[in-house]
$ cat query-v4.tsv   # TSV, C-alpha atoms
chain	number	residue	atom	x	y	z
A	1	MET	CA	-210.88	-54.62	-100.31
A	2	ARG	CA	-209.91	-51.34	-101.94
A	3	ILE	CA	-206.29	-50.17	-101.99
A	4	LEU	CA	-204.85	-46.78	-102.87
A	5	GLY	CA	-201.24	-46.98	-104.02
A	6	VAL	CA	-199.18	-43.79	-103.94
A	7	ASP	CA	-195.97	-43.05	-105.82
A	8	PRO	CA	-194.99	-39.95	-103.85
A	9	GLY	CA	-193.46	-36.96	-105.61
A	10	LEU	CA	-193.69	-33.17	-105.56
A	11	THR	CA	-193.69	-32.65	-109.32
A	12	ARG	CA	-195.82	-35.70	-110.09
A	13	CYS	CA	-197.59	-37.82	-107.48
A	14	GLY	CA	-199.14	-41.03	-108.80
A	15	LEU	CA	-202.41	-42.15	-107.21
A	16	GLY	CA	-203.68	-45.58	-108.28
A	17	THR	CA	-206.71	-47.26	-106.79
A	18	ILE	CA	-207.53	-50.96	-107.21
A	19	ASP	CA	-209.95	-53.51	-105.84
A	20	THR	CA	-208.89	-56.95	-104.69
A	21	ALA	CA	-211.14	-59.96	-104.76
A	22	GLY	CA	-208.97	-62.58	-103.07
A	23	GLY	CA	-206.03	-64.47	-104.48
A	24	ARG	CA	-204.24	-62.50	-107.15
A	25	ARG	CA	-207.38	-61.02	-108.66
A	26	VAL	CA	-207.18	-57.25	-108.80
A	27	SER	CA	-209.03	-54.66	-110.88
A	28	LEU	CA	-208.54	-51.01	-111.72
A	29	VAL	CA	-210.73	-48.42	-109.99
A	30	ASP	CA	-208.93	-45.17	-110.77
A	31	MET	CA	-205.55	-43.91	-111.91
A	32	ARG	CA	-204.37	-40.30	-111.85
A	33	VAL	CA	-201.35	-38.09	-111.35
A	34	VAL	CA	-201.42	-34.90	-109.28
A	35	ARG	CA	-198.86	-32.31	-110.34
A	36	SER	CA	-197.34	-29.19	-108.81
A	37	ALA	CA	-195.11	-26.67	-110.54
A	38	ALA	CA	-191.56	-26.19	-109.27
A	39	GLU	CA	-192.00	-22.39	-109.33
A	40	LEU	CA	-194.59	-22.45	-106.53
A	41	ALA	CA	-193.76	-21.96	-102.86
A	42	PRO	CA	-192.90	-25.37	-101.35
A	43	HIS	CA	-195.87	-25.46	-98.97
A	44	LYS	CA	-198.21	-24.49	-101.82
A	45	ARG	CA	-196.88	-27.50	-103.76
A	46	LEU	CA	-197.63	-29.82	-100.85
A	47	LEU	CA	-201.11	-28.29	-100.52
A	48	LEU	CA	-201.89	-29.06	-104.17
A	49	ILE	CA	-200.77	-32.67	-103.72
A	50	ALA	CA	-202.78	-32.97	-100.48
A	51	GLU	CA	-205.91	-31.63	-102.16
A	52	GLY	CA	-205.57	-34.12	-105.01
A	53	LEU	CA	-205.07	-36.91	-102.49
A	54	ASP	CA	-208.13	-35.84	-100.46
A	55	GLU	CA	-210.22	-35.93	-103.62
A	56	VAL	CA	-209.24	-39.54	-104.28
A	57	LEU	CA	-209.81	-40.55	-100.65
A	58	ASP	CA	-213.23	-38.83	-100.58
A	59	THR	CA	-214.30	-40.29	-103.91
A	60	PHE	CA	-213.09	-43.89	-103.69
A	61	HIS	CA	-212.83	-44.56	-99.94
A	62	PRO	CA	-209.93	-47.04	-99.96
A	63	ASP	CA	-209.48	-49.38	-96.97
A	64	VAL	CA	-205.71	-49.35	-97.14
A	65	VAL	CA	-203.13	-46.84	-98.34
A	66	ALA	CA	-199.82	-48.17	-99.66
A	67	VAL	CA	-196.88	-45.81	-100.17
A	68	GLU	CA	-193.48	-46.29	-101.70
A	69	ARG	CA	-190.86	-46.35	-98.98
A	70	VAL	CA	-188.39	-43.59	-99.70
A	71	PHE	CA	-184.65	-43.94	-99.45
A	72	ALA	CA	-182.04	-41.28	-99.94
A	73	GLN	CA	-180.28	-42.08	-103.16
A	74	SER	CA	-178.53	-39.90	-105.69
A	75	ASN	CA	-180.64	-36.75	-105.66
A	76	VAL	CA	-180.95	-35.46	-102.10
A	77	ARG	CA	-183.27	-32.61	-103.01
A	78	SER	CA	-185.81	-34.82	-104.75
A	79	VAL	CA	-185.63	-37.39	-101.94
A	80	THR	CA	-186.50	-34.69	-99.43
A	81	GLY	CA	-189.52	-33.60	-101.49
A	82	THR	CA	-190.56	-37.22	-101.94
A	83	ALA	CA	-190.35	-37.86	-98.20
A	84	GLN	CA	-192.38	-34.71	-97.52
A	85	VAL	CA	-195.12	-35.96	-99.83
A	86	ALA	CA	-194.94	-39.45	-98.27
A	87	GLY	CA	-195.40	-37.77	-94.87
A	88	ILE	CA	-198.59	-35.99	-95.88
A	89	VAL	CA	-199.96	-39.18	-97.44
A	90	MET	CA	-199.21	-41.14	-94.27
A	91	LEU	CA	-200.85	-38.43	-92.16
A	92	ALA	CA	-203.95	-38.41	-94.38
A	93	ALA	CA	-204.22	-42.21	-93.92
A	94	ALA	CA	-203.89	-41.83	-90.14
A	95	ARG	CA	-206.50	-39.05	-89.96
A	96	ARG	CA	-208.95	-41.34	-91.75
A	97	HIS	CA	-208.06	-44.36	-89.60
A	98	LEU	CA	-206.79	-46.33	-92.59
A	99	ALA	CA	-204.17	-49.05	-92.47
A	100	LEU	CA	-200.86	-48.15	-94.07
A	101	GLY	CA	-198.50	-50.33	-96.08
A	102	MET	CA	-195.01	-49.31	-97.17
A	103	HIS	CA	-192.96	-51.05	-99.83
A	104	THR	CA	-189.53	-50.33	-101.26
A	105	PRO	CA	-189.16	-49.75	-105.02
A	106	SER	CA	-187.37	-53.09	-105.40
A	107	GLU	CA	-190.14	-54.93	-103.51
A	108	VAL	CA	-192.69	-53.39	-105.85
A	109	LYS	CA	-190.71	-54.26	-108.98
A	110	ALA	CA	-190.14	-57.80	-107.74
A	111	ALA	CA	-193.83	-58.26	-106.91
A	112	VAL	CA	-195.15	-57.23	-110.31
A	113	THR	CA	-192.32	-58.22	-112.68
A	114	GLY	CA	-190.42	-60.92	-110.79
A	115	SER	CA	-187.27	-58.81	-110.81
A	116	GLY	CA	-186.33	-56.15	-108.26
A	117	ARG	CA	-184.28	-54.45	-110.95
A	118	ALA	CA	-186.97	-54.13	-113.61
A	119	ASP	CA	-187.19	-50.85	-115.52
A	120	LYS	CA	-190.20	-48.52	-115.66
A	121	LYS	CA	-191.35	-49.93	-118.99
A	122	GLN	CA	-191.49	-53.48	-117.62
A	123	VAL	CA	-193.52	-52.27	-114.65
A	124	GLN	CA	-195.95	-50.50	-117.00
A	125	ILE	CA	-196.35	-53.62	-119.12
A	126	MET	CA	-196.93	-55.87	-116.14
A	127	VAL	CA	-199.42	-53.48	-114.55
A	128	GLN	CA	-201.31	-53.41	-117.85
A	129	ARG	CA	-201.46	-57.20	-117.96
A	130	ILE	CA	-202.23	-57.77	-114.30
A	131	LEU	CA	-205.14	-55.32	-114.39
A	132	GLY	CA	-206.25	-56.34	-117.89
A	133	LEU	CA	-206.02	-52.79	-119.26
A	134	THR	CA	-206.48	-52.15	-122.97
A	135	GLU	CA	-203.43	-49.88	-123.08
A	136	LEU	CA	-200.27	-49.12	-121.15
A	137	PRO	CA	-200.90	-47.10	-117.98
A	138	ARG	CA	-199.30	-43.66	-118.47
A	139	PRO	CA	-197.43	-41.74	-117.27
A	140	ALA	CA	-194.95	-44.01	-115.51
A	141	ASP	CA	-195.84	-42.44	-112.12
A	142	ALA	CA	-199.42	-43.62	-112.50
A	143	ALA	CA	-198.26	-47.13	-113.40
A	144	ASP	CA	-195.92	-47.11	-110.39
A	145	SER	CA	-198.77	-46.18	-108.05
A	146	LEU	CA	-200.83	-49.09	-109.39
A	147	ALA	CA	-197.81	-51.39	-108.98
A	148	ILE	CA	-197.54	-50.30	-105.34
A	149	ALA	CA	-201.26	-51.01	-104.82
A	150	ILE	CA	-200.86	-54.45	-106.45
A	151	THR	CA	-197.85	-55.17	-104.22
A	152	GLN	CA	-199.96	-54.29	-101.20
A	153	ALA	CA	-202.75	-56.60	-102.39
A	154	TRP	CA	-200.36	-59.51	-102.93
A	155	ARG	CA	-197.84	-59.08	-100.14
A	156	GLY	CA	-200.04	-57.47	-97.46
A	157	GLY	CA	-198.31	-56.19	-94.35
A	158	ALA	CA	-200.22	-52.98	-93.74
A	159	ALA	CA	-200.00	-51.60	-90.22
A	160	SER	CA	-203.17	-50.49	-88.51
A	161	LEU	CA	-203.04	-47.16	-86.72
A	162	HIS	CA	-202.28	-48.61	-83.32
A	163	ALA	CA	-200.10	-51.55	-84.22
A	164	GLU	CA	-196.37	-51.96	-84.34
A	165	PRO	CA	-195.40	-51.57	-87.96
A	166	ASP	CA	-193.41	-54.74	-88.53
A	167	ARG	CA	-195.64	-57.28	-86.82
A	168	ALA	CA	-199.05	-55.99	-87.77
A	169	GLN	CA	-201.07	-57.38	-90.65
A	170	HIS	CA	-204.12	-55.75	-92.09
A	171	GLY	CA	-207.28	-57.73	-91.35
A	172	GLY	CA	-208.19	-58.05	-95.03
A	173	ALA	CA	-205.80	-59.45	-97.56
A	174	GLY	CA	-202.82	-60.29	-95.41
A	175	SER	CA	-199.75	-61.83	-97.00
A	176	LEU	CA	-200.78	-64.21	-99.70
A	177	PRO	CA	-198.34	-66.84	-100.83
A	178	ARG	CA	-196.97	-66.10	-104.27
A	179	ALA	CA	-198.45	-68.16	-107.09
A	180	VAL	CA	-196.11	-70.97	-108.05
A	181	GLY	CA	-198.34	-72.86	-110.50
A	182	GLY	CA	-201.05	-75.44	-109.81
A	183	ASP	CA	-204.64	-74.21	-109.42
A	184	LEU	CA	-204.33	-70.79	-110.99
A	185	THR	CA	-207.23	-68.51	-111.79
A	186	PRO	CA	-207.28	-67.02	-115.31
A	187	ALA	CA	-205.82	-63.77	-113.95
A	188	GLN	CA	-203.10	-65.67	-112.14
A	189	LYS	CA	-202.24	-67.54	-115.34
A	190	ILE	CA	-201.89	-64.24	-117.20
A	191	TRP	CA	-199.69	-62.96	-114.45
A	192	ALA	CA	-197.53	-66.08	-114.31
A	193	SER	CA	-197.09	-66.09	-118.07
A	194	ALA	CA	-196.28	-62.38	-118.18
A	195	GLU	CA	-193.87	-62.79	-115.30
A	196	ARG	CA	-191.99	-65.47	-117.20
A	197	MET	CA	-191.90	-63.23	-120.28
A	198	SER	CA	-190.61	-60.26	-118.34
A	199	ARG	CA	-187.83	-62.44	-116.92
A	200	ARG	CA	-186.87	-63.62	-120.37
A	201	HIS	CA	-186.77	-60.18	-122.06
A	202	GLY	CA	-185.46	-56.83	-120.85
A	203	ALA	CA	-188.61	-55.22	-122.16
A	204	VAL	CA	-191.68	-57.06	-123.46
A	205	ALA	CA	-193.74	-55.71	-126.32
A	206	PRO	CA	-197.24	-54.78	-125.18
A	207	LYS	CA	-200.05	-57.12	-126.20
A	208	ASN	CA	-201.98	-54.59	-128.18
B	209	MET	CA	-195.42	-10.49	-85.52
B	210	ARG	CA	-195.59	-14.01	-84.11
B	211	ILE	CA	-193.35	-16.77	-85.41
B	212	LEU	CA	-193.52	-20.52	-84.83
B	213	GLY	CA	-190.16	-22.22	-85.27
B	214	VAL	CA	-190.16	-25.98	-85.85
B	215	ASP	CA	-187.27	-28.39	-85.38
B	216	PRO	CA	-188.82	-31.34	-87.23
B	217	GLY	CA	-188.35	-34.86	-85.91
B	218	LEU	CA	-190.37	-38.03	-85.47
B	219	THR	CA	-189.10	-38.92	-82.01
B	220	ARG	CA	-188.97	-35.33	-80.75
B	221	CYS	CA	-190.37	-32.34	-82.63
B	222	GLY	CA	-189.46	-28.95	-81.13
B	223	LEU	CA	-192.11	-26.21	-81.38
B	224	GLY	CA	-190.98	-22.75	-80.27
B	225	THR	CA	-193.13	-19.63	-80.55
B	226	ILE	CA	-191.78	-16.09	-80.25
B	227	ASP	CA	-192.99	-12.53	-80.77
B	228	THR	CA	-190.94	-9.94	-82.64
B	229	ALA	CA	-191.19	-6.21	-81.94
B	230	GLY	CA	-188.93	-4.78	-84.64
B	231	GLY	CA	-185.16	-4.73	-84.76
B	232	ARG	CA	-183.66	-7.65	-82.91
B	233	ARG	CA	-186.16	-7.59	-80.07
B	234	VAL	CA	-187.80	-10.99	-79.64
B	235	SER	CA	-189.66	-12.57	-76.73
B	236	LEU	CA	-190.70	-16.06	-75.76
B	237	VAL	CA	-194.35	-17.06	-76.15
B	238	ASP	CA	-194.23	-20.84	-75.83
B	239	MET	CA	-191.77	-23.69	-76.03
B	240	ARG	CA	-192.61	-27.38	-76.19
B	241	VAL	CA	-191.56	-30.72	-77.62
B	242	VAL	CA	-194.01	-33.22	-79.11
B	243	ARG	CA	-192.85	-36.81	-78.91
B	244	SER	CA	-193.80	-40.10	-80.58
B	245	ALA	CA	-192.58	-43.55	-79.62
B	246	ALA	CA	-190.58	-45.53	-82.19
B	247	GLU	CA	-192.76	-48.63	-81.53
B	248	LEU	CA	-195.86	-47.00	-83.00
B	249	ALA	CA	-196.97	-47.41	-86.62
B	250	PRO	CA	-195.28	-44.71	-88.72
B	251	HIS	CA	-198.49	-42.93	-89.67
B	252	LYS	CA	-199.61	-42.94	-86.02
B	253	ARG	CA	-196.34	-41.19	-85.15
B	254	LEU	CA	-196.98	-38.50	-87.74
B	255	LEU	CA	-200.54	-38.11	-86.44
B	256	LEU	CA	-199.29	-37.46	-82.90
B	257	ILE	CA	-196.85	-34.82	-84.17
B	258	ALA	CA	-199.58	-33.22	-86.31
B	259	GLU	CA	-201.97	-33.07	-83.36
B	260	GLY	CA	-199.34	-31.39	-81.19
B	261	LEU	CA	-198.64	-28.93	-83.98
B	262	ASP	CA	-202.34	-28.15	-84.45
B	263	GLU	CA	-202.64	-27.42	-80.73
B	264	VAL	CA	-199.85	-24.84	-80.96
B	265	LEU	CA	-201.29	-23.27	-84.11
B	266	ASP	CA	-204.78	-23.11	-82.59
B	267	THR	CA	-203.53	-21.69	-79.29
B	268	PHE	CA	-200.96	-19.12	-80.38
B	269	HIS	CA	-201.97	-18.22	-83.95
B	270	PRO	CA	-198.53	-17.50	-85.41
B	271	ASP	CA	-198.26	-15.33	-88.55
B	272	VAL	CA	-195.28	-17.22	-89.95
B	273	VAL	CA	-194.01	-20.79	-89.65
B	274	ALA	CA	-190.27	-21.39	-89.94
B	275	VAL	CA	-188.95	-24.92	-90.44
B	276	GLU	CA	-185.47	-26.34	-90.50
B	277	ARG	CA	-184.53	-27.24	-94.05
B	278	VAL	CA	-183.65	-30.92	-94.08
B	279	PHE	CA	-180.69	-32.40	-95.86
B	280	ALA	CA	-179.76	-36.03	-96.20
B	281	GLN	CA	-176.70	-36.54	-94.07
B	282	SER	CA	-175.34	-39.56	-92.28
B	283	ASN	CA	-178.52	-41.26	-91.09
B	284	VAL	CA	-180.83	-41.85	-94.04
B	285	ARG	CA	-183.62	-43.30	-91.94
B	286	SER	CA	-183.83	-40.35	-89.58
B	287	VAL	CA	-183.58	-37.88	-92.48
B	288	THR	CA	-186.59	-39.52	-94.11
B	289	GLY	CA	-188.62	-39.22	-90.89
B	290	THR	CA	-187.49	-35.63	-90.46
B	291	ALA	CA	-188.53	-34.76	-94.01
B	292	GLN	CA	-191.92	-36.44	-93.45
B	293	VAL	CA	-192.49	-34.28	-90.37
B	294	ALA	CA	-191.29	-31.17	-92.25
B	295	GLY	CA	-193.84	-32.02	-94.95
B	296	ILE	CA	-196.77	-32.13	-92.53
B	297	VAL	CA	-195.64	-28.86	-90.91
B	298	MET	CA	-195.41	-27.17	-94.31
B	299	LEU	CA	-198.85	-28.49	-95.25
B	300	ALA	CA	-200.35	-27.25	-91.96
B	301	ALA	CA	-198.91	-23.78	-92.69
B	302	ALA	CA	-200.38	-23.85	-96.20
B	303	ARG	CA	-203.81	-24.97	-94.98
B	304	ARG	CA	-203.89	-21.99	-92.60
B	305	HIS	CA	-202.60	-19.56	-95.27
B	306	LEU	CA	-199.45	-18.80	-93.30
B	307	ALA	CA	-196.14	-17.69	-94.78
B	308	LEU	CA	-193.36	-20.28	-94.58
B	309	GLY	CA	-189.66	-19.77	-93.97
B	310	MET	CA	-187.01	-22.47	-94.30
B	311	HIS	CA	-183.49	-22.24	-92.93
B	312	THR	CA	-180.61	-24.69	-92.96
B	313	PRO	CA	-179.08	-25.79	-89.65
B	314	SER	CA	-175.92	-23.80	-90.39
B	315	GLU	CA	-177.92	-20.66	-91.19
B	316	VAL	CA	-179.70	-21.02	-87.85
B	317	LYS	CA	-176.47	-21.58	-85.92
B	318	ALA	CA	-174.81	-18.64	-87.68
B	319	ALA	CA	-177.78	-16.37	-86.98
B	320	VAL	CA	-177.91	-17.01	-83.24
B	321	THR	CA	-174.26	-17.80	-82.36
B	322	GLY	CA	-172.26	-16.15	-85.14
B	323	SER	CA	-170.85	-19.54	-86.20
B	324	GLY	CA	-172.46	-22.00	-88.59
B	325	ARG	CA	-170.57	-24.77	-86.80
B	326	ALA	CA	-171.74	-24.05	-83.25
B	327	ASP	CA	-172.73	-27.00	-81.08
B	328	LYS	CA	-176.12	-27.57	-79.46
B	329	LYS	CA	-174.97	-26.19	-76.12
B	330	GLN	CA	-173.92	-22.88	-77.69
B	331	VAL	CA	-177.28	-22.60	-79.41
B	332	GLN	CA	-179.07	-23.23	-76.11
B	333	ILE	CA	-176.98	-20.56	-74.37
B	334	MET	CA	-177.55	-17.97	-77.06
B	335	VAL	CA	-181.30	-18.67	-77.22
B	336	GLN	CA	-181.43	-18.20	-73.45
B	337	ARG	CA	-179.67	-14.84	-73.69
B	338	ILE	CA	-181.48	-13.53	-76.75
B	339	LEU	CA	-184.88	-14.29	-75.21
B	340	GLY	CA	-183.80	-13.27	-71.69
B	341	LEU	CA	-184.77	-16.61	-70.17
B	342	THR	CA	-183.93	-17.38	-66.56
B	343	GLU	CA	-182.65	-20.83	-67.45
B	344	LEU	CA	-181.36	-22.80	-70.43
B	345	PRO	CA	-184.14	-23.87	-72.81
B	346	ARG	CA	-184.36	-27.67	-72.64
B	347	PRO	CA	-184.35	-30.12	-74.28
B	348	ALA	CA	-182.05	-29.14	-77.14
B	349	ASP	CA	-184.87	-29.69	-79.67
B	350	ALA	CA	-186.92	-26.97	-77.99
B	351	ALA	CA	-183.94	-24.59	-78.03
B	352	ASP	CA	-183.39	-25.39	-81.71
B	353	SER	CA	-187.00	-24.57	-82.57
B	354	LEU	CA	-186.63	-21.20	-80.83
B	355	ALA	CA	-183.34	-20.60	-82.69
B	356	ILE	CA	-185.16	-21.28	-85.98
B	357	ALA	CA	-187.89	-18.79	-85.00
B	358	ILE	CA	-185.25	-16.19	-84.08
B	359	THR	CA	-183.49	-16.78	-87.40
B	360	GLN	CA	-186.78	-16.17	-89.18
B	361	ALA	CA	-187.32	-12.95	-87.19
B	362	TRP	CA	-183.84	-11.64	-88.02
B	363	ARG	CA	-183.25	-12.91	-91.53
B	364	GLY	CA	-186.81	-12.94	-92.88
B	365	GLY	CA	-187.35	-14.55	-96.26
B	366	ALA	CA	-190.64	-16.36	-95.67
B	367	ALA	CA	-192.59	-17.28	-98.81
B	368	SER	CA	-196.28	-16.52	-98.93
B	369	LEU	CA	-198.52	-19.25	-100.23
B	370	HIS	CA	-198.64	-17.97	-103.78
B	371	ALA	CA	-195.14	-16.57	-104.15
B	372	GLU	CA	-192.02	-18.00	-105.65
B	373	PRO	CA	-189.99	-19.27	-102.72
B	374	ASP	CA	-186.66	-17.56	-103.36
B	375	ARG	CA	-187.79	-14.05	-104.28
B	376	ALA	CA	-190.67	-13.59	-101.87
B	377	GLN	CA	-190.32	-11.74	-98.59
B	378	HIS	CA	-192.90	-11.82	-95.86
B	379	GLY	CA	-194.63	-8.45	-95.46
B	380	GLY	CA	-193.72	-8.19	-91.78
B	381	ALA	CA	-190.16	-8.45	-90.57
B	382	GLY	CA	-188.30	-8.84	-93.84
B	383	SER	CA	-184.54	-9.21	-93.80
B	384	LEU	CA	-183.10	-6.94	-91.17
B	385	PRO	CA	-179.46	-5.95	-91.41
B	386	ARG	CA	-177.38	-7.71	-88.78
B	387	ALA	CA	-176.33	-5.59	-85.83
B	388	VAL	CA	-172.75	-4.43	-86.27
B	389	GLY	CA	-172.42	-2.04	-83.29
B	390	GLY	CA	-173.45	1.60	-83.02
B	391	ASP	CA	-176.97	2.33	-81.73
B	392	LEU	CA	-177.80	-0.98	-80.15
B	393	THR	CA	-180.86	-1.65	-78.06
B	394	PRO	CA	-180.25	-3.34	-74.67
B	395	ALA	CA	-181.30	-6.67	-76.18
B	396	GLN	CA	-178.97	-6.17	-79.12
B	397	LYS	CA	-176.11	-5.40	-76.74
B	398	ILE	CA	-176.76	-8.64	-74.87
B	399	TRP	CA	-176.80	-10.48	-78.17
B	400	ALA	CA	-173.62	-8.84	-79.45
B	401	SER	CA	-171.79	-9.52	-76.20
B	402	ALA	CA	-172.97	-13.12	-76.05
B	403	GLU	CA	-172.07	-13.60	-79.69
B	404	ARG	CA	-168.52	-12.46	-78.96
B	405	MET	CA	-168.35	-14.83	-75.99
B	406	SER	CA	-169.63	-17.77	-77.97
B	407	ARG	CA	-166.97	-17.11	-80.58
B	408	ARG	CA	-164.27	-17.04	-77.96
B	409	HIS	CA	-165.24	-20.27	-76.16
B	410	GLY	CA	-166.36	-23.63	-77.46
B	411	ALA	CA	-169.08	-23.62	-74.82
B	412	VAL	CA	-169.95	-20.66	-72.62
B	413	ALA	CA	-171.07	-21.10	-69.01
B	414	PRO	CA	-174.68	-20.01	-68.57
B	415	LYS	CA	-175.28	-16.73	-66.76
B	416	ASN	CA	-177.11	-18.21	-63.81

$ encode --input "query-v4.tsv" --output "structure tokens"
Amino acid sequence: MRILGVDPGLTRCGLGTIDTAGGRRVSLVDMRVVRSAAELAPHKRLLLIAEGLDEVLDTFHPDVVAVERVFAQSNVRSVTGTAQVAGIVMLAAARRHLALGMHTPSEVKAAVTGSGRADKKQVQIMVQRILGLTELPRPADAADSLAIAITQAWRGGAASLHAEPDRAQHGGAGSLPRAVGGDLTPAQKIWASAERMSRRHGAVAPKN
Amino acid sequence: MRILGVDPGLTRCGLGTIDTAGGRRVSLVDMRVVRSAAELAPHKRLLLIAEGLDEVLDTFHPDVVAVERVFAQSNVRSVTGTAQVAGIVMLAAARRHLALGMHTPSEVKAAVTGSGRADKKQVQIMVQRILGLTELPRPADAADSLAIAITQAWRGGAASLHAEPDRAQHGGAGSLPRAVGGDLTPAQKIWASAERMSRRHGAVAPKN
């Protein structure tokens, strides 16, 4: 199954695509950030993001789209822009009949680092290890989009277009139990070891 | 010039279309509310709203789209949904190369009632009078969308697709000076009289 993870934003929108192969095995397909300048008219900004999104959807044909669930926090203006981008991503998924998953930032951090309060650096490091990348995924928005896609692969819970959002499960991956040791694949072992490291240190030095 | 005003919302999205004929003269073209049930998957809800919006755009071909500018207030969840809908409306305007205007709720209330703190009933009454309708526009979301369109007609300030949002003016209506007496058209007299009434009373009894 192929998953597109989206870290929605008007200035930078992270788009990370991964493949899952059962269990915790995931691999990188594509990672990019679409940008729009703050000086542009607001609907022009959304159009640029939508065009970048369409390009990814047309090129990689994901089965599921996973988006960060937006909450109003400190900066109201940026939250509004973020929610606008999330809206166009959700609509694009619906128009293509794709299942949609939504995950809060703390769910994503917890899924990939073991801590819901991990910082951006920790997320980058864990995404690098989980996907077996030779360097840190940059910028942070791109790493976040991959983390969202990984969370979708591991936690499942995507709603199909006609299902109720909370009960529905996507037909593919579904919610996999979290690895707790035992019969781990090599990738799972890397993940489990990195997870322990990220719990021990505030920030872990990258492998290479 | 034809203006589509949008009161964005996931549960009810008001879509009000008016024509302007210079000065303060405006007339009703269409008024409708698109709904989506809370039980549906979130992207399905946005799809239903987008389809209703497309129908209006394809049928009435507005020159400008005016949307309520969303702010995070008390209910974070509904603000997020509102911003998502605003995002898809803004994108639809961009995809059709339409100018976009955005107005805060208090700007809209001030434009049509003379008070930025008017209640929904006052807005309904003033929209009825300004457009010369035989009955109150219902539901309130529909009246609000017409009030947003009227605000756009009177205040102007729509950004074209390639302009900076704050400096750009739409080529058509532009910002008209507010009527302050003197040579008023019949419609302006109705507006001025109704504005005085709405200032005097918390809620004014409808004409008929």

$ interface_residues --input "query-v4.tsv" --of "chain B" --to "chain A" --cutoff "6 Å" --atoms "all atoms listed in the file" --output "compact mmCIF listing (two decimals) with C-alpha atoms, keeping the file's coordinate frame"
# COMPACT_ATOMS: atom_id res chain seq x y z
CA GLU B 247 -192.76 -48.63 -81.53
CA LEU B 248 -195.86 -47.00 -83.00
CA ALA B 249 -196.97 -47.41 -86.62
CA HIS B 251 -198.49 -42.93 -89.67
CA LYS B 252 -199.61 -42.94 -86.02
CA LEU B 254 -196.98 -38.50 -87.74
CA LEU B 255 -200.54 -38.11 -86.44
CA THR B 288 -186.59 -39.52 -94.11
CA ALA B 291 -188.53 -34.76 -94.01
CA GLN B 292 -191.92 -36.44 -93.45
CA GLY B 295 -193.84 -32.02 -94.95
CA ILE B 296 -196.77 -32.13 -92.53
CA MET B 298 -195.41 -27.17 -94.31
CA LEU B 299 -198.85 -28.49 -95.25
CA ALA B 302 -200.38 -23.85 -96.20
CA LEU B 369 -198.52 -19.25 -100.23
CA ALA B 371 -195.14 -16.57 -104.15
CA GLU B 372 -192.02 -18.00 -105.65
CA PRO B 373 -189.99 -19.27 -102.72

$ closest_residue --input "query-v4.tsv" --among "A:Val29, A:Ala118, A:Val112, A:Ala143" --to "Gly14 of chain A" --atoms "all atoms listed in the file"
A:Ala143

$ closest_residue --input "query-v4.tsv" --among "B:Leu212, B:Ile333, B:Leu261, B:Ile358" --to "Arg346 of chain B" --atoms "only C-alpha atoms"
B:Ile333

$ axis_aligned_box --input "query-v4.tsv" --around "segment 260-269 of chain B" --padding-each-side "8 Å" --output "lines of an AutoDock Vina configuration file"
center_x = -201.7
center_y = -24.8
center_z = -81.9
size_x = 22.1
size_y = 29.2
size_z = 21.2

$ atom_distance --input "query-v4.tsv" --atom1 "atom CA of Leu236 of chain B" --atom2 "atom CA of Ser314 of chain B"
22.2 Å

$ atom_distance --input "query-v4.tsv" --atom1 "atom CA of Gly324 of chain B" --atom2 "atom CA of His311 of chain B"
11.9 Å

$ residues_around --input "query-v4.tsv" --residues "Arg325 of chain B" --least-positions-apart "4" --cutoff "10 Å" --atoms "only C-alpha atoms" --output "ChimeraX atom specification"
/B:313-318,321,330

$ residues_around --input "query-v4.tsv" --residues "Asp227 of chain B" --least-positions-apart "2" --cutoff "7 Å" --atoms "all atoms listed in the file" --output "VMD selection string"
chain B and resid 209 to 211 229 234 to 237

$ write_last_selection --input "query-v4.tsv" --atoms "C-alpha atoms" --output "CSV table (one decimal), in the frame of the given file"
chain,number,residue,atom,x,y,z
B,209,MET,CA,-195.4,-10.5,-85.5
B,210,ARG,CA,-195.6,-14.0,-84.1
B,211,ILE,CA,-193.4,-16.8,-85.4
B,229,ALA,CA,-191.2,-6.2,-81.9
B,234,VAL,CA,-187.8,-11.0,-79.6
B,235,SER,CA,-189.7,-12.6,-76.7
B,236,LEU,CA,-190.7,-16.1,-75.8
B,237,VAL,CA,-194.4,-17.1,-76.2

$ atom_distance --input "query-v4.tsv" --atom1 "atom CA of Val6 of chain A" --atom2 "atom CA of Leu218 of chain B"
21.3 Å
